[in-house]
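Dumped upload_9.txt below, it's compact mmCIF, C-alpha atoms and all ligand atoms:
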```txt
# COMPACT_ATOMS: atom_id res chain seq x y z
CA MET A 239 0.00 0.00 0.00
CA LYS A 240 2.81 2.36 0.99
CA ARG A 241 4.35 1.68 -2.38
CA ILE A 242 1.18 2.42 -4.31
CA LEU A 243 0.62 5.69 -2.43
CA PHE A 244 4.18 6.74 -3.07
CA THR A 245 3.89 6.03 -6.78
CA LEU A 246 0.58 7.89 -6.97
CA ALA A 247 2.05 10.90 -5.20
CA LEU A 248 4.88 10.99 -7.68
CA PHE A 249 2.44 10.71 -10.57
CA ALA A 250 0.49 13.68 -9.24
CA LEU A 251 3.66 15.68 -8.88
CA ALA A 252 4.73 14.78 -12.35
CA SER A 253 1.48 15.76 -13.99
CA THR A 254 2.09 19.37 -12.99
CA ALA A 255 5.56 19.44 -14.56
CA SER A 256 6.20 20.26 -18.19
CA ALA A 257 7.13 16.85 -19.42
CA GLN A 258 9.89 17.07 -21.96
CA LYS A 259 12.93 15.02 -22.64
CA TRP A 260 16.28 16.37 -21.48
CA GLU A 261 17.63 18.45 -24.35
CA GLY A 262 21.24 18.95 -25.37
CA LEU A 263 22.48 15.48 -24.38
CA ALA A 264 22.92 14.01 -27.86
CA GLU A 265 23.69 16.76 -30.35
CA THR A 266 26.01 14.22 -31.98
CA PRO A 267 25.58 10.43 -31.74
CA PRO A 268 26.37 9.18 -28.21
CA MET A 269 29.71 7.41 -27.72
CA GLY A 270 30.79 5.02 -25.01
CA TRP A 271 30.99 1.40 -23.92
CA ASN A 272 28.41 -1.17 -22.80
CA SER A 273 28.91 -4.44 -20.95
CA TRP A 274 26.45 -6.66 -22.82
CA ASN A 275 28.10 -7.79 -26.07
CA LYS A 276 31.20 -9.14 -24.35
CA PHE A 277 30.21 -9.87 -20.75
CA ALA A 278 26.43 -10.47 -20.82
CA CYS A 279 25.37 -11.09 -17.18
CA GLU A 280 28.95 -11.53 -15.89
CA ILE A 281 29.43 -8.01 -14.60
CA ASN A 282 30.65 -6.63 -11.29
CA GLU A 283 32.09 -3.40 -9.91
CA GLU A 284 35.70 -4.43 -10.37
CA LEU A 285 35.15 -5.01 -14.08
CA ILE A 286 33.42 -1.66 -14.51
CA ARG A 287 36.18 0.16 -12.64
CA GLU A 288 38.85 -1.57 -14.75
CA VAL A 289 36.97 -0.67 -17.91
CA ALA A 290 36.78 2.95 -16.79
CA ASP A 291 40.55 2.91 -16.14
CA ALA A 292 41.19 1.38 -19.56
CA MET A 293 38.98 3.91 -21.32
CA VAL A 294 41.28 6.63 -20.07
CA GLU A 295 44.60 4.77 -20.49
CA THR A 296 43.90 3.68 -24.08
CA GLY A 297 42.86 7.16 -25.19
CA LEU A 298 39.27 6.06 -25.84
CA ALA A 299 37.94 8.63 -23.40
CA ASP A 300 39.90 11.41 -25.13
CA ALA A 301 38.56 10.23 -28.48
CA GLY A 302 35.00 10.83 -27.21
CA TYR A 303 33.85 7.50 -25.74
CA VAL A 304 32.54 8.91 -22.48
CA TYR A 305 29.66 6.69 -21.35
CA ILE A 306 30.41 3.52 -19.37
CA ASN A 307 27.14 1.63 -19.44
CA LEU A 308 26.05 -1.26 -17.27
CA ASP A 309 23.65 -3.47 -19.15
CA ASP A 310 21.42 -6.21 -17.71
CA CYS A 311 22.04 -8.15 -14.47
CA TRP A 312 23.27 -5.45 -12.09
CA HIS A 313 20.15 -6.03 -10.00
CA ALA A 314 19.56 -7.58 -6.59
CA PRO A 315 17.01 -10.43 -6.65
CA THR A 316 14.28 -8.05 -5.42
CA ARG A 317 13.52 -4.37 -4.88
CA ASP A 318 13.84 -2.96 -1.37
CA ALA A 319 10.92 -2.89 1.07
CA ASP A 320 9.72 0.47 -0.34
CA GLY A 321 9.90 -0.69 -3.92
CA PHE A 322 13.10 1.10 -4.87
CA PRO A 323 15.61 -0.76 -7.03
CA GLN A 324 18.73 -2.10 -5.37
CA CYS A 325 21.86 -3.60 -6.85
CA ASP A 326 23.33 -7.07 -6.40
CA SER A 327 25.33 -6.71 -3.20
CA VAL A 328 27.70 -9.54 -4.04
CA ARG A 329 28.68 -8.20 -7.45
CA PHE A 330 28.50 -4.54 -6.45
CA PRO A 331 29.42 -4.53 -2.74
CA SER A 332 30.38 -0.83 -2.71
CA GLY A 333 27.04 0.15 -4.19
CA MET A 334 26.06 2.14 -7.25
CA ARG A 335 26.74 5.59 -5.82
CA ALA A 336 30.38 4.67 -5.18
CA LEU A 337 30.71 3.20 -8.67
CA ALA A 338 29.24 6.33 -10.27
CA ASP A 339 31.62 8.48 -8.21
CA TYR A 340 34.56 6.39 -9.39
CA VAL A 341 33.58 6.72 -13.05
CA HIS A 342 32.88 10.45 -12.71
CA ALA A 343 36.24 11.02 -11.05
CA LYS A 344 37.84 9.73 -14.27
CA GLY A 345 36.01 12.41 -16.24
CA LEU A 346 33.59 9.83 -17.65
CA LYS A 347 29.84 9.31 -17.42
CA ILE A 348 27.96 6.20 -16.35
CA GLY A 349 24.85 4.44 -17.64
CA ILE A 350 22.38 1.92 -16.31
CA TYR A 351 19.82 -0.45 -17.82
CA SER A 352 16.20 -1.33 -17.17
CA ASP A 353 13.15 -2.66 -18.96
CA ALA A 354 9.66 -1.29 -19.58
CA GLY A 355 8.05 -4.62 -18.66
CA CYS A 356 7.87 -6.67 -15.50
CA ARG A 357 11.18 -8.46 -16.14
CA THR A 358 14.35 -7.60 -18.04
CA CYS A 359 15.50 -9.87 -20.84
CA GLY A 360 17.88 -11.44 -18.31
CA GLY A 361 15.00 -12.10 -15.88
CA ARG A 362 15.71 -9.28 -13.38
CA PHE A 363 12.98 -6.93 -12.09
CA GLY A 364 11.62 -4.52 -14.70
CA SER A 365 10.37 -0.98 -14.19
CA VAL A 366 6.66 -1.25 -14.98
CA GLY A 367 4.71 0.36 -12.13
CA HIS A 368 7.95 1.74 -10.61
CA GLU A 369 9.01 4.21 -13.28
CA TYR A 370 9.22 7.28 -11.02
CA GLN A 371 10.93 5.43 -8.22
CA ASP A 372 13.46 3.96 -10.62
CA ALA A 373 14.25 7.25 -12.31
CA LEU A 374 14.66 8.87 -8.92
CA GLN A 375 17.01 6.16 -7.74
CA TYR A 376 19.13 6.32 -10.92
CA ALA A 377 19.40 10.09 -10.46
CA ARG A 378 20.35 9.74 -6.78
CA TRP A 379 22.96 7.15 -7.66
CA GLY A 380 24.40 9.60 -10.18
CA PHE A 381 23.66 7.88 -13.49
CA ASP A 382 23.82 9.85 -16.73
CA TYR A 383 22.30 7.40 -19.23
CA LEU A 384 19.47 4.87 -19.21
CA LYS A 385 19.01 2.06 -21.72
CA TYR A 386 15.39 0.94 -21.49
CA ASP A 387 14.59 -2.50 -22.89
CA TRP A 388 11.40 -4.15 -24.08
CA CYS A 389 11.15 -7.72 -22.69
CA GLU A 390 8.01 -8.98 -20.88
CA THR A 391 5.88 -6.10 -22.13
CA GLU A 392 2.78 -7.96 -23.27
CA ASN A 393 -0.18 -5.55 -23.46
CA ILE A 394 1.98 -2.49 -22.83
CA ASP A 395 1.82 0.36 -25.31
CA PRO A 396 5.36 1.33 -26.35
CA LYS A 397 4.67 5.00 -26.84
CA GLY A 398 2.99 5.23 -23.43
CA ALA A 399 5.70 3.24 -21.68
CA TYR A 400 8.64 5.16 -23.11
CA THR A 401 6.93 8.52 -22.65
CA LEU A 402 6.23 7.65 -19.03
CA MET A 403 9.88 6.89 -18.38
CA ARG A 404 10.96 10.03 -20.23
CA ASP A 405 8.71 12.06 -17.91
CA ALA A 406 10.01 10.21 -14.86
CA LEU A 407 13.61 10.94 -15.86
CA ARG A 408 12.77 14.58 -16.29
CA GLU A 409 11.02 14.73 -12.95
CA ALA A 410 13.96 13.08 -11.20
CA GLY A 411 15.91 16.24 -11.95
CA ARG A 412 19.20 14.86 -13.28
CA PRO A 413 19.97 15.05 -17.02
CA ILE A 414 19.92 11.41 -18.15
CA LEU A 415 20.31 10.38 -21.77
CA PHE A 416 17.43 8.08 -22.73
CA SER A 417 18.32 5.14 -25.00
CA MET A 418 15.22 3.30 -26.19
CA CYS A 419 15.73 -0.40 -26.83
CA GLU A 420 12.43 -1.46 -28.36
CA TRP A 421 14.06 -3.16 -31.38
CA GLY A 422 12.07 -1.07 -33.88
CA HIS A 423 8.85 -3.08 -33.48
CA SER A 424 6.55 -0.05 -33.23
CA LYS A 425 8.66 2.14 -35.54
CA PRO A 426 9.81 4.50 -32.78
CA TRP A 427 11.53 6.69 -35.38
CA GLU A 428 7.99 7.82 -36.31
CA TRP A 429 6.99 8.92 -32.81
CA ALA A 430 9.97 9.17 -30.48
CA ALA A 431 11.91 12.28 -31.56
CA ASP A 432 10.77 14.08 -28.41
CA VAL A 433 10.84 10.95 -26.24
CA GLY A 434 14.32 9.45 -26.52
CA HIS A 435 17.82 10.41 -27.66
CA MET A 436 18.27 7.21 -29.65
CA TRP A 437 16.13 4.22 -30.52
CA ARG A 438 17.10 0.76 -31.63
CA SER A 439 16.13 0.18 -35.24
CA THR A 440 16.99 -3.51 -35.08
CA GLY A 441 16.86 -6.62 -32.92
CA ASP A 442 20.10 -7.71 -31.28
CA ILE A 443 23.35 -7.74 -33.19
CA GLY A 444 25.34 -11.01 -33.06
CA LEU A 445 28.98 -11.79 -33.69
CA SER A 446 28.60 -12.37 -37.41
CA PHE A 447 29.30 -10.23 -40.43
CA SER A 448 27.00 -11.66 -43.05
CA GLU A 449 25.00 -14.60 -41.68
CA GLN A 450 22.05 -14.46 -39.30
CA ILE A 451 22.58 -16.45 -36.08
CA VAL A 452 19.58 -18.59 -35.15
CA HIS A 453 18.90 -18.98 -31.41
CA GLY A 454 15.75 -21.16 -31.33
CA SER A 455 12.89 -18.67 -31.42
CA TRP A 456 14.91 -15.58 -32.37
CA GLU A 457 17.77 -14.58 -34.65
CA ALA A 458 20.71 -12.35 -33.82
CA ASN A 459 21.40 -9.98 -36.68
CA SER A 460 24.52 -9.97 -38.76
CA VAL A 461 26.30 -6.66 -39.28
CA LEU A 462 24.90 -6.59 -42.82
CA ARG A 463 21.34 -7.09 -41.60
CA CYS A 464 21.70 -4.24 -39.07
CA ILE A 465 22.91 -1.98 -41.87
CA ASP A 466 20.04 -2.95 -44.15
CA LEU A 467 17.43 -2.32 -41.45
CA ASN A 468 18.91 1.02 -40.42
CA ALA A 469 19.82 2.50 -43.81
CA PRO A 470 16.27 3.39 -44.94
CA LEU A 471 15.57 5.41 -41.78
CA ARG A 472 17.92 8.30 -42.47
CA ARG A 473 15.26 10.98 -42.61
CA TYR A 474 14.41 10.31 -38.94
CA ALA A 475 17.91 10.94 -37.55
CA ALA A 476 19.00 14.42 -36.49
CA PRO A 477 20.86 16.16 -33.66
CA GLY A 478 19.10 15.11 -30.47
CA HIS A 479 17.70 11.78 -31.71
CA TRP A 480 19.45 9.01 -33.62
CA ASN A 481 18.70 5.67 -35.23
CA ASP A 482 20.58 2.96 -33.32
CA PRO A 483 21.49 -0.18 -35.28
CA ASP A 484 22.83 -1.68 -31.99
CA MET A 485 26.15 -1.70 -30.17
CA LEU A 486 29.47 -2.41 -31.82
CA GLU A 487 30.98 -5.89 -32.08
CA VAL A 488 34.36 -4.47 -33.13
CA GLY A 489 37.16 -6.31 -31.33
CA ASN A 490 35.00 -9.29 -30.38
CA GLY A 491 36.25 -11.74 -32.99
CA LEU A 492 35.25 -10.66 -36.48
CA LYS A 493 38.04 -10.34 -39.03
CA ASN A 494 39.90 -7.04 -39.03
CA ASN A 495 38.49 -6.02 -42.41
CA GLN A 496 34.96 -6.86 -41.24
CA ASP A 497 35.50 -4.82 -38.07
CA ARG A 498 36.70 -1.89 -40.18
CA ALA A 499 33.65 -2.11 -42.46
CA HIS A 500 31.28 -2.47 -39.46
CA PHE A 501 32.76 0.58 -37.73
CA THR A 502 32.83 2.66 -40.91
CA LEU A 503 29.21 1.98 -41.78
CA TRP A 504 28.13 2.92 -38.25
CA CYS A 505 29.99 6.21 -38.76
CA MET A 506 28.45 6.74 -42.19
CA MET A 507 25.01 6.19 -40.63
CA ALA A 508 25.66 8.64 -37.77
CA ALA A 509 24.97 5.77 -35.39
CA PRO A 510 25.75 5.86 -31.68
CA LEU A 511 29.24 4.38 -31.19
CA ILE A 512 28.86 2.14 -28.16
CA LEU A 513 31.82 -0.22 -27.92
CA GLY A 514 31.09 -3.79 -26.85
CA ASN A 515 34.57 -5.29 -26.54
CA ASP A 516 36.96 -5.86 -23.65
CA VAL A 517 38.80 -2.55 -23.80
CA ARG A 518 41.24 -3.77 -21.10
CA SER A 519 42.88 -6.12 -23.59
CA MET A 520 42.21 -4.49 -26.94
CA SER A 521 44.54 -5.50 -29.79
CA ASP A 522 46.48 -2.89 -31.75
CA GLU A 523 44.32 -3.69 -34.79
CA THR A 524 41.13 -2.97 -32.86
CA ALA A 525 42.59 0.19 -31.35
CA ALA A 526 43.56 1.43 -34.82
CA ILE A 527 39.93 1.14 -35.85
CA VAL A 528 38.04 2.57 -32.90
CA LEU A 529 40.61 5.32 -32.27
CA ASN A 530 40.82 6.67 -35.81
CA ARG A 531 39.90 10.28 -35.08
CA GLU A 532 39.19 11.21 -38.67
CA VAL A 533 36.74 8.35 -39.02
CA ILE A 534 35.08 9.18 -35.68
CA ALA A 535 34.74 12.75 -36.98
CA ILE A 536 32.56 11.45 -39.82
CA ASP A 537 30.17 9.98 -37.23
CA GLN A 538 30.32 13.03 -34.99
CA ASP A 539 30.00 15.63 -37.73
CA PRO A 540 27.95 18.56 -36.40
CA GLU A 541 25.65 18.59 -39.43
CA GLY A 542 24.16 15.40 -37.98
CA VAL A 543 23.00 13.84 -41.23
CA GLN A 544 22.74 10.06 -41.52
CA GLY A 545 24.56 8.97 -44.68
CA LEU A 546 22.86 7.74 -47.81
CA ARG A 547 23.32 4.47 -49.64
CA HIS A 548 23.49 6.11 -53.06
CA SER A 549 23.73 3.04 -55.26
CA GLU A 550 25.02 -0.48 -55.54
CA GLU A 551 26.71 -2.56 -58.23
CA GLU A 552 26.67 -6.30 -57.56
CA GLY A 553 27.42 -6.00 -53.87
CA LEU A 554 29.70 -2.98 -54.12
CA GLU A 555 27.87 -0.12 -52.40
CA PHE A 556 28.46 3.62 -52.68
CA TRP A 557 27.59 5.69 -49.63
CA PHE A 558 27.64 9.48 -49.20
CA LYS A 559 27.32 11.59 -46.05
CA PRO A 560 27.14 15.39 -46.23
CA LEU A 561 29.41 16.99 -43.63
CA ALA A 562 29.77 20.48 -42.20
CA ASP A 563 31.45 23.17 -44.34
CA GLY A 564 30.62 21.60 -47.70
CA ASP A 565 32.63 18.41 -47.21
CA TRP A 566 31.37 14.92 -47.99
CA ALA A 567 32.27 11.50 -46.69
CA PHE A 568 32.29 8.91 -49.47
CA CYS A 569 32.49 5.21 -48.71
CA LEU A 570 32.88 2.28 -51.06
CA PHE A 571 31.63 -0.79 -49.24
CA ASN A 572 32.30 -4.24 -50.65
CA ARG A 573 29.79 -6.66 -49.12
CA THR A 574 31.01 -9.59 -51.16
CA LYS A 575 33.69 -12.17 -50.42
CA GLU A 576 35.75 -11.19 -53.49
CA ASP A 577 38.08 -8.19 -53.86
CA ARG A 578 36.69 -5.66 -56.34
CA THR A 579 38.48 -3.31 -58.68
CA TYR A 580 36.47 -0.23 -59.53
CA THR A 581 37.09 2.98 -61.44
CA ILE A 582 35.48 5.98 -59.78
CA ASP A 583 34.14 8.30 -62.47
CA TRP A 584 33.23 11.26 -60.28
CA PRO A 585 30.44 12.91 -62.32
CA HIS A 586 28.67 9.53 -62.27
CA PHE A 587 28.01 10.34 -58.60
CA ASP A 588 26.52 13.79 -59.18
CA PHE A 589 23.34 13.92 -57.14
CA VAL A 590 21.26 16.07 -54.81
CA ASP A 591 20.37 14.70 -51.38
CA GLU A 592 16.73 15.65 -51.75
CA GLU A 593 15.55 13.50 -48.89
CA VAL A 594 17.46 15.17 -46.05
CA SER A 595 20.18 17.79 -46.55
CA GLN A 596 19.35 19.21 -50.00
CA ARG A 597 23.10 19.24 -50.62
CA ALA A 598 24.59 18.46 -54.05
CA THR A 599 27.90 16.75 -54.79
CA ALA A 600 28.23 18.67 -58.08
CA PHE A 601 31.39 16.87 -59.23
CA GLY A 602 30.90 18.49 -62.64
CA GLU A 603 31.55 21.95 -61.18
CA THR A 604 33.40 21.43 -57.92
CA LEU A 605 36.84 19.95 -57.63
CA TYR A 606 37.40 18.11 -54.36
CA ASP A 607 40.54 17.13 -52.51
CA VAL A 608 40.13 13.51 -51.47
CA ARG A 609 41.68 12.18 -48.28
CA ASP A 610 41.86 8.42 -47.72
CA LEU A 611 40.94 7.98 -44.05
CA TRP A 612 41.95 4.34 -43.59
CA ASN A 613 45.21 4.55 -45.51
CA GLY A 614 47.23 7.16 -43.71
CA GLY A 615 45.43 10.13 -45.17
CA LYS A 616 46.84 9.70 -48.68
CA SER A 617 45.42 12.44 -50.89
CA PHE A 618 44.39 12.88 -54.50
CA SER A 619 41.74 14.90 -56.32
CA THR A 620 38.51 14.38 -58.25
CA LYS A 621 40.08 15.88 -61.38
CA LYS A 622 40.56 12.44 -62.93
CA PRO A 623 38.81 9.09 -62.62
CA ARG A 624 40.45 6.93 -59.96
CA THR A 625 40.86 3.17 -60.07
CA VAL A 626 40.75 1.51 -56.67
CA VAL A 627 40.64 -1.95 -55.14
CA VAL A 628 38.05 -2.50 -52.43
CA PRO A 629 39.02 -5.70 -50.60
CA ALA A 630 36.39 -8.32 -49.78
CA GLU A 631 34.07 -7.35 -46.89
CA ASP A 632 35.95 -4.11 -46.45
CA VAL A 633 35.64 -0.42 -47.18
CA LEU A 634 37.45 2.57 -48.58
CA LEU A 635 36.53 5.78 -46.83
CA TYR A 636 37.26 9.22 -48.21
CA ARG A 637 36.75 12.74 -46.96
CA LEU A 638 36.08 15.11 -49.83
CA THR A 639 36.82 18.81 -49.33
CA PRO A 640 36.12 21.44 -51.99
CA ALA A 641 39.57 22.22 -53.43
CA ALA A 642 39.09 25.97 -53.25
CA LYS A 643 38.84 25.79 -49.49
CA GLN A 644 41.85 26.46 -47.30
CA PRO A 645 43.57 23.22 -46.42
CA ARG A 646 42.25 22.03 -43.06
CA ARG A 647 45.58 20.66 -41.87
C1 LIG B 1 17.98 -7.30 -25.02
C2 LIG B 1 18.70 -6.08 -25.61
C3 LIG B 1 20.18 -6.30 -25.53
C4 LIG B 1 20.61 -6.54 -24.10
C5 LIG B 1 19.83 -7.71 -23.50
C6 LIG B 1 20.05 -7.83 -22.00
O1 LIG B 1 18.16 -8.42 -25.79
O2 LIG B 1 18.27 -5.85 -26.92
O3 LIG B 1 20.89 -5.21 -26.09
O4 LIG B 1 20.37 -5.37 -23.35
O5 LIG B 1 18.43 -7.54 -23.70
O6 LIG B 1 19.32 -8.87 -21.43
```
So, in terms of structure tokens, how does the structure I just supplied come out?
Amino acid sequence: MKRILFTLALFALASTASAQKWEGLAETPPMGWNSWNKFACEINEELIREVADAMVETGLADAGYVYINLDDCWHAPTRDADGFPQCDSVRFPSGMRALADYVHAKGLKIGIYSDAGCRTCGGRFGSVGHEYQDALQYARWGFDYLKYDWCETENIDPKGAYTLMRDALREAGRPILFSMCEWGHSKPWEWAADVGHMWRSTGDIGLSFSEQIVHGSWEANSVLRCIDLNAPLRRYAAPGHWNDPDMLEVGNGLKNNQDRAHFTLWCMMAAPLILGNDVRSMSDETAAIVLNREVIAIDQDPEGVQGLRHSEEEGLEFWFKPLADGDWAFCLFNRTKEDRTYTIDWPHFDFVDEEVSQRATAFGETLYDVRDLWNGGKSFSTKKPRTVVVPAEDVLLYRLTPAAKQPRR
């Protein structure tokens, strides 16, 4: 009874507030790390502290990866006697406040996970009926980010459930980035621009580049499938709210070329860059991918336009992303298992991005300097056609800058 009265009182309070999402938290796609892809339910405070240390030592924090996000299974078996959430005291003996303080002291931010239904996907308590209490507790603990999942939500309306949690987060008084993990079932891109800062456009990613992974009743998506589900949604992404094709698998066991293609396409799609690997023992090859500042800059470009899959020739795709100051990112993406030789005839790619930015490439009139972002910044120009080799399941990524402009470096 006490619990019900408390929840009702909070509801009444909330109804008088202007319910809006926290603004200004995701002007560019969020960047950070999440525990799920590598560690699933095997998380504890020591791991999270070590990850926070590694984020700083490896330079990931400096490169912009600021959120350290706990995913599922941080929970105690039950809520406390008043219905507030509590953490697993064996895995997190110092408590969440101490963990948040530790992460903040490193100059980083910290995220937590819950679910709009009665149970999380890992079987822990969900937030339904406790939204205001949960938001309040996350704020008191010092969290900066909430990923809100969609298991055990039979008969719950997604728009209502996510809006309720948005309002609860607002009412709790601490700016908390709201990551909606509803897998795209109700097309949140059509209704959630003022609800969340990012929404999953796909089911769960798996550790596979091109093949779906069947797990009995559900399939984990390959990298290619995530791209194909997310690519058509570009008109819904903008500063403040992003399409989320799921967290990165880079460094978890794909081939280096596949990791490079995966990371590049996420950047071309202005996707949140949430690492999912063990950053404490990252290989040099992985570090070279996730720490490439010029590639990250494509993702984080202030224009905030999700790139366009312009065309495709037998599995070789051509992607363009308009960038600030008249630049373009241009990516050749070879989905096939064979290397491809291709001659880029620039005026062939003259087009206007009518759907989103209204920008034109205008190769006929504008000469661009071309900088090869994965190959040491080698440069050439669009004056002449260029013959390139795009290795199997790999990319070439270029930054095009109008030649008349002052050199940027
Ligand atoms: C769902 C989400 C995943 C992860 C797990 C945790 O499957 O989509 O990203 O959070 O739940 O149980």
Env. residues ligand LIG 1 (chain B) / 10 Å / only C-alpha atoms and all ligand atoms / as an MDAnalysis selection string: chainID A and resid 272:275 278:279 308:311 351:353 357:362 385:389 418:421 438 440:443 458 484:485
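You can rank A:Ala373, A:Val328, A:Val366, A:Ile394 by their closest distance to Leu407 (chain A) using only C-alpha atoms, and at the top of that list sits A:Ala373.
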What's the 10 Å shell around Arg473 (chain A), counting only C-alpha atoms, without same-chain residues fewer than 2 positions away, as a CSV table (one decimal) with C-alpha atoms, in the coordinates of the input?
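Contents of part31.csv, freshly written:
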```csv
chain,number,residue,atom,x,y,z
A,427,TRP,CA,11.5,6.7,-35.4
A,469,ALA,CA,19.8,2.5,-43.8
A,470,PRO,CA,16.3,3.4,-44.9
A,471,LEU,CA,15.6,5.4,-41.8
A,475,ALA,CA,17.9,10.9,-37.6
A,476,ALA,CA,19.0,14.4,-36.5
A,481,ASN,CA,18.7,5.7,-35.2
A,543,VAL,CA,23.0,13.8,-41.2
A,544,GLN,CA,22.7,10.1,-41.5
A,545,GLY,CA,24.6,9.0,-44.7
A,546,LEU,CA,22.9,7.7,-47.8
A,593,GLU,CA,15.6,13.5,-48.9
A,594,VAL,CA,17.5,15.2,-46.0
A,595,SER,CA,20.2,17.8,-46.6
```
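Here the question is which of A:Ala598, A:Leu384, A:Leu486, A:Val528 gets nearest to Pro510 (chain A) using all atoms listed in the file, and that residue is A:Leu486.
Closest approach to Thr604 (chain A) among A:Asp565, A:Glu532, A:Glu631, A:Glu283 is made by A:Asp565 (distances from all atoms listed in the file).
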Point-to-point distance from CA of Ala526 (chain A) to CA of Thr502 (chain A), Å rounded to tenths: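 Atom-to-atom, CA of Ala526 (chain A) to CA of Thr502 (chain A), that is 12.4 Å.
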Fill-in result for region 389-406 of chain A, N, CA and C atoms as a compact mmCIF listing (two decimals), in the coordinates of the input:
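Written output follows (part.txt):
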```txt
# COMPACT_ATOMS: atom_id res chain seq x y z
N CYS A 389 11.62 -6.36 -22.97
CA CYS A 389 11.15 -7.72 -22.69
C CYS A 389 9.95 -7.71 -21.76
N GLU A 390 9.16 -8.78 -21.81
CA GLU A 390 8.01 -8.98 -20.88
C GLU A 390 7.08 -7.77 -20.87
N THR A 391 6.71 -7.31 -22.04
CA THR A 391 5.88 -6.10 -22.13
C THR A 391 4.53 -6.38 -22.78
N GLU A 392 4.07 -7.61 -22.67
CA GLU A 392 2.78 -7.96 -23.27
C GLU A 392 1.71 -6.96 -22.82
N ASN A 393 0.91 -6.50 -23.74
CA ASN A 393 -0.18 -5.55 -23.46
C ASN A 393 0.29 -4.16 -23.00
N ILE A 394 1.54 -3.85 -23.16
CA ILE A 394 1.98 -2.49 -22.83
C ILE A 394 2.17 -1.72 -24.13
N ASP A 395 1.70 -0.48 -24.12
CA ASP A 395 1.82 0.36 -25.31
C ASP A 395 3.20 1.02 -25.32
N PRO A 396 3.99 0.81 -26.37
CA PRO A 396 5.36 1.33 -26.35
C PRO A 396 5.44 2.84 -26.20
N LYS A 397 4.59 3.54 -26.92
CA LYS A 397 4.67 5.00 -26.84
C LYS A 397 4.37 5.46 -25.41
N GLY A 398 3.34 4.88 -24.81
CA GLY A 398 2.99 5.23 -23.43
C GLY A 398 4.11 4.89 -22.47
N ALA A 399 4.68 3.70 -22.63
CA ALA A 399 5.70 3.24 -21.68
C ALA A 399 6.97 4.08 -21.76
N TYR A 400 7.40 4.38 -22.98
CA TYR A 400 8.64 5.16 -23.11
C TYR A 400 8.42 6.63 -22.74
N THR A 401 7.22 7.14 -23.03
CA THR A 401 6.93 8.52 -22.65
C THR A 401 6.87 8.66 -21.13
N LEU A 402 6.30 7.65 -20.50
CA LEU A 402 6.23 7.65 -19.03
C LEU A 402 7.63 7.69 -18.41
N MET A 403 8.52 6.88 -18.93
CA MET A 403 9.88 6.89 -18.38
C MET A 403 10.61 8.19 -18.72
N ARG A 404 10.36 8.72 -19.90
CA ARG A 404 10.96 10.03 -20.23
C ARG A 404 10.53 11.07 -19.19
N ASP A 405 9.22 11.08 -18.88
CA ASP A 405 8.71 12.06 -17.91
C ASP A 405 9.30 11.81 -16.53
N ALA A 406 9.45 10.54 -16.17
CA ALA A 406 10.01 10.21 -14.86
C ALA A 406 11.46 10.67 -14.77
```
